[in-house]
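Q: Following this message is one structure expressed as structure tokens.
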Amino acid sequence: MIRGDSKDYDLLEKWTKGFDCQGYKTCEIGVREGLGSKIIMDNVVNNYIHIGVDPYGNLKYQHYDNGQAYTADYTDEMRDTLLKDLMDYREKGRFTLANMTDTEFMMHHDHQRSTYSFVHFDGPHMTKDVITEAVWFANRSAANTRFVFDDIETYRMDLVAFNLEFFGFKTMETGKNKMLLEKND
Ligand SMILES: C[S@@+](CC[C@H](N)C(=O)[O-])C[C@H]1O[C@@H](n2cnc3c(N)ncnc32)[C@H](O)[C@@H]1O
């Protein structure tokens, strides 16, 4: 069974249901067991492929702006289970795992050349990392792109949303943990 570790999965379903990806890619930064990615793939339409970005490997890193580095339980065994659980999506060419950090992903030529129409930001929760990711994807976003951010109380979401205003994104709805922004050119 694919489990999530957060709240507002009902909102993620609502925000993805019938959402037209216009043939572009969707992405989730921070996949864990895969519930966020599964909800996205099950509900969007006209999606080229969904890319999950996650290094796993039980990395020790600083999770929050004012905290120490520590190791969570994001192991390679979790990755292997995720790959098995999403086998059907992989075989149909609907899902691929970029088994790397957000930074490595953003430096990769193939990913740099792509256009994205839906992104779920749920990897690192340091404000500087979320802003870096948001600006990178905003520069590669299609018209009407949707961005969803998780755990918005744990970093300066106000600053992330402020930066995204300059790329045409507006806040559309906020839940307990998640927030939806949409690009309206
Ligand atoms: C909160 S969990 C993701 C939960 C998942 N989105 C869900 O809905 O169930 C955070 C994930 O971010 C991953 N992560 C940690 N550092 C990362 C980085 N630098 N780039 C991408 N993912 C990272 C962790 O390995 C972990 O699987």
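Every chain in the structure tokens has a letter given in the order shown (A, B, ...), and although residue numbers restart at 1 in each chain, ligands are simply numbered from 1 in the order shown.
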Please check which protein, DNA or RNA residues sit within 9 Å of ligand 1, counting only C-alpha atoms and all ligand atoms, and write them as a PyMOL selection string.
A: chain A and resi 2-7+9+28-39+52-63+72-75+78-79+99-105+120-125+129+150-151
Q: Have a look at CA of Phe95 (chain A) and CA of Asn46 (chain A) and let me know their distance in Å, one decimal.
A: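 That distance, rounded to one decimal, is 13.7 Å.
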Q: Could you state the separation of CA of Cys27 (chain A) and CA of Leu164 (chain A) in Å, given to one decimal place?
A: 17.4 Å
Q: Taking the chain letters and numbering used in this document, name the residues of region 42-110 of chain A that DSSP puts in alpha helix (DSSP H), as a PyMOL selection string.
A: chain A and resi 42-43+76-85+87-91+102-107+109-110
Q: Those same residues, written as a compact mmCIF listing (two decimals), in the first residue's frame with C-alpha atoms?
A:
```txt
# COMPACT_ATOMS: atom_id res chain seq x y z
CA ASP A 42 -4.22 9.28 -11.53
CA ASN A 43 -5.92 12.64 -11.96
CA ASP A 76 17.05 2.91 -0.65
CA GLU A 77 14.72 0.11 0.49
CA MET A 78 11.90 2.68 0.39
CA ARG A 79 12.98 3.58 -3.16
CA ASP A 80 12.95 -0.06 -4.24
CA THR A 81 9.44 -0.51 -2.82
CA LEU A 82 8.30 2.67 -4.60
CA LEU A 83 9.68 1.37 -7.89
CA LYS A 84 7.78 -1.91 -7.42
CA ASP A 85 4.56 -0.16 -6.37
CA MET A 87 5.74 -0.70 -11.85
CA ASP A 88 2.51 -0.47 -13.82
CA TYR A 89 2.97 3.30 -14.36
CA ARG A 90 6.64 2.77 -15.30
CA GLU A 91 5.86 0.03 -17.80
CA ASP A 102 16.81 18.53 -6.60
CA THR A 103 20.16 20.29 -7.27
CA GLU A 104 21.44 17.44 -9.46
CA PHE A 105 18.10 17.33 -11.30
CA MET A 106 18.18 21.06 -12.02
CA MET A 107 21.74 20.79 -13.41
CA HIS A 109 20.64 19.06 -19.53
CA ASP A 110 17.61 16.93 -20.41
```
Q: Report the distance between CA of Asn144 (chain A) and CA of Arg94 (chain A) in Å, rounded to one decimal place.
A: 21.3 Å
Q: Could you find all residues in region 57-137 of chain A that DSSP calls strand (DSSP E) from the backbone, and write them as a ChimeraX atom specification?
A: /A:60-62,69-71,95-98,116-121
Q: Select, from A:Thr132, A:Thr171, A:Gln112, A:Thr96, the residue with the minimum atom-to-atom distance to Phe147 (chain A), counting only C-alpha atoms.
A: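 Closest to Phe147 (chain A) of all the choices is A:Thr171.
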Q: Considering only C-alpha atoms, return as a ChimeraX atom specification whatever protein or nucleic-acid residues lie within 10 Å of Asn66 (chain A), sequence-local ones (same chain, fewer than 5 positions apart) excluded.
A: /A:126,154-155
Q: With N, CA, C and O atoms kept, could you save the residues just selected as a short mmCIF file (atom, residue, chain, number, x, y, z; two decimals), in the first residue's frame?
A:
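Generated file (again36.cif):
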```cif
data_model
loop_
_atom_site.label_atom_id
_atom_site.label_comp_id
_atom_site.auth_asym_id
_atom_site.auth_seq_id
_atom_site.Cartn_x
_atom_site.Cartn_y
_atom_site.Cartn_z
N MET A 126 13.89 23.82 3.36
CA MET A 126 14.62 25.06 3.67
C MET A 126 14.12 26.12 2.68
O MET A 126 14.01 25.84 1.48
N THR A 154 6.39 25.28 7.39
CA THR A 154 7.73 24.98 7.87
C THR A 154 8.81 25.85 7.22
O THR A 154 9.97 25.77 7.59
N TYR A 155 8.44 26.64 6.21
CA TYR A 155 9.41 27.56 5.59
C TYR A 155 8.69 28.84 5.23
O TYR A 155 7.49 28.98 5.46
#
```
Q: Which one of A:Cys21, A:Ile49, A:Ile40, A:Val130 sits closest to Ala142 (chain A) if you count only C-alpha atoms?
A: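 Among the listed residues, A:Cys21 lies closest to Ala142 (chain A).
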Q: Nearest residue to Gly168 (chain A) out of A:Asp185, A:Glu133, A:Asp8, A:Glu153, using only C-alpha atoms?
A: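 That would be A:Asp185, the residue with the smallest distance to Gly168 (chain A).
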Q: Name the residues in contact with Gln22 (chain A) at a cut-off of 10 Å, using only C-alpha atoms, excluding same-chain residues fewer than 5 positions from it; report them as a list of chain:residue names.
A: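 So the residues in contact are A:Val45, A:Asn46, A:Asn47, A:Tyr48, A:Tyr116, A:Ser117, A:Ala142, A:Ala143, A:Asn144, A:Thr145.
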Q: Output the selection as an mmCIF file, in the first residue's frame - all heavy atoms for each residue.
A:
```cif
data_model
loop_
_atom_site.group_PDB
_atom_site.id
_atom_site.type_symbol
_atom_site.label_atom_id
_atom_site.label_comp_id
_atom_site.auth_asym_id
_atom_site.auth_seq_id
_atom_site.Cartn_x
_atom_site.Cartn_y
_atom_site.Cartn_z
ATOM 1 N N VAL A 45 -4.750 15.052 -16.855
ATOM 2 C CA VAL A 45 -4.970 14.517 -18.208
ATOM 3 C C VAL A 45 -3.943 15.136 -19.148
ATOM 4 O O VAL A 45 -3.392 16.216 -18.862
ATOM 5 C CB VAL A 45 -6.408 14.809 -18.715
ATOM 6 C CG1 VAL A 45 -7.433 14.105 -17.844
ATOM 7 C CG2 VAL A 45 -6.696 16.301 -18.795
ATOM 8 N N ASN A 46 -3.698 14.433 -20.263
ATOM 9 C CA ASN A 46 -2.820 14.947 -21.309
ATOM 10 C C ASN A 46 -1.406 15.243 -20.786
ATOM 11 O O ASN A 46 -0.820 16.279 -21.091
ATOM 12 C CB ASN A 46 -3.459 16.223 -21.904
ATOM 13 C CG ASN A 46 -2.936 16.515 -23.286
ATOM 14 O OD1 ASN A 46 -2.193 15.726 -23.870
ATOM 15 N ND2 ASN A 46 -3.304 17.670 -23.808
ATOM 16 N N ASN A 47 -0.909 14.305 -19.986
ATOM 17 C CA ASN A 47 0.412 14.456 -19.362
ATOM 18 C C ASN A 47 1.450 13.695 -20.179
ATOM 19 O O ASN A 47 1.235 12.530 -20.499
ATOM 20 C CB ASN A 47 0.333 13.877 -17.939
ATOM 21 C CG ASN A 47 1.631 13.963 -17.193
ATOM 22 O OD1 ASN A 47 2.441 14.822 -17.504
ATOM 23 N ND2 ASN A 47 1.838 13.104 -16.231
ATOM 24 N N TYR A 48 2.586 14.327 -20.494
ATOM 25 C CA TYR A 48 3.622 13.628 -21.265
ATOM 26 C C TYR A 48 4.230 12.501 -20.424
ATOM 27 O O TYR A 48 4.232 11.339 -20.810
ATOM 28 C CB TYR A 48 4.698 14.611 -21.737
ATOM 29 C CG TYR A 48 5.783 13.938 -22.517
ATOM 30 C CD1 TYR A 48 5.510 13.387 -23.765
ATOM 31 C CD2 TYR A 48 7.073 13.823 -22.009
ATOM 32 C CE1 TYR A 48 6.493 12.732 -24.490
ATOM 33 C CE2 TYR A 48 8.065 13.178 -22.722
ATOM 34 C CZ TYR A 48 7.779 12.633 -23.945
ATOM 35 O OH TYR A 48 8.753 11.982 -24.654
ATOM 36 N N TYR A 116 7.327 22.126 -17.941
ATOM 37 C CA TYR A 116 6.528 21.474 -16.893
ATOM 38 C C TYR A 116 5.215 22.241 -16.697
ATOM 39 O O TYR A 116 5.211 23.473 -16.691
ATOM 40 C CB TYR A 116 7.314 21.443 -15.572
ATOM 41 C CG TYR A 116 8.658 20.766 -15.717
ATOM 42 C CD1 TYR A 116 9.767 21.473 -16.194
ATOM 43 C CD2 TYR A 116 8.817 19.418 -15.432
ATOM 44 C CE1 TYR A 116 10.997 20.857 -16.363
ATOM 45 C CE2 TYR A 116 10.049 18.790 -15.597
ATOM 46 C CZ TYR A 116 11.141 19.517 -16.059
ATOM 47 O OH TYR A 116 12.361 18.902 -16.231
ATOM 48 N N SER A 117 4.132 21.487 -16.512
ATOM 49 C CA SER A 117 2.836 22.164 -16.325
ATOM 50 C C SER A 117 2.241 21.918 -14.940
ATOM 51 O O SER A 117 1.248 22.549 -14.577
ATOM 52 C CB SER A 117 1.840 21.715 -17.395
ATOM 53 O OG SER A 117 1.743 20.310 -17.399
ATOM 54 N N ALA A 142 4.747 25.984 -18.409
ATOM 55 C CA ALA A 142 3.800 26.231 -19.495
ATOM 56 C C ALA A 142 2.781 27.282 -19.039
ATOM 57 O O ALA A 142 2.726 27.639 -17.855
ATOM 58 C CB ALA A 142 3.086 24.924 -19.820
ATOM 59 N N ALA A 143 1.970 27.757 -19.974
ATOM 60 C CA ALA A 143 0.835 28.609 -19.607
ATOM 61 C C ALA A 143 -0.080 27.825 -18.676
ATOM 62 O O ALA A 143 -0.211 26.605 -18.804
ATOM 63 C CB ALA A 143 0.073 29.019 -20.860
ATOM 64 N N ASN A 144 -0.664 28.499 -17.715
ATOM 65 C CA ASN A 144 -1.630 27.881 -16.778
ATOM 66 C C ASN A 144 -1.032 26.805 -15.874
ATOM 67 O O ASN A 144 -1.780 25.983 -15.321
ATOM 68 C CB ASN A 144 -2.828 27.289 -17.534
ATOM 69 C CG ASN A 144 -3.471 28.298 -18.457
ATOM 70 O OD1 ASN A 144 -3.554 28.083 -19.679
ATOM 71 N ND2 ASN A 144 -3.882 29.420 -17.924
ATOM 72 N N THR A 145 0.279 26.815 -15.732
ATOM 73 C CA THR A 145 0.933 25.828 -14.852
ATOM 74 C C THR A 145 0.431 25.952 -13.414
ATOM 75 O O THR A 145 0.154 27.053 -12.926
ATOM 76 C CB THR A 145 2.459 26.046 -14.885
ATOM 77 O OG1 THR A 145 2.945 25.575 -16.139
ATOM 78 C CG2 THR A 145 3.184 25.309 -13.765
#
```
Q: Please determine, counting only C-alpha atoms, which residue among A:Tyr70, A:Asp10, A:Phe19, A:Asn139 has the shortest atom-to-atom distance to Lys178 (chain A).
A: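 Looking only at the distances to Lys178 (chain A), the closest residue turns out to be A:Asp10.
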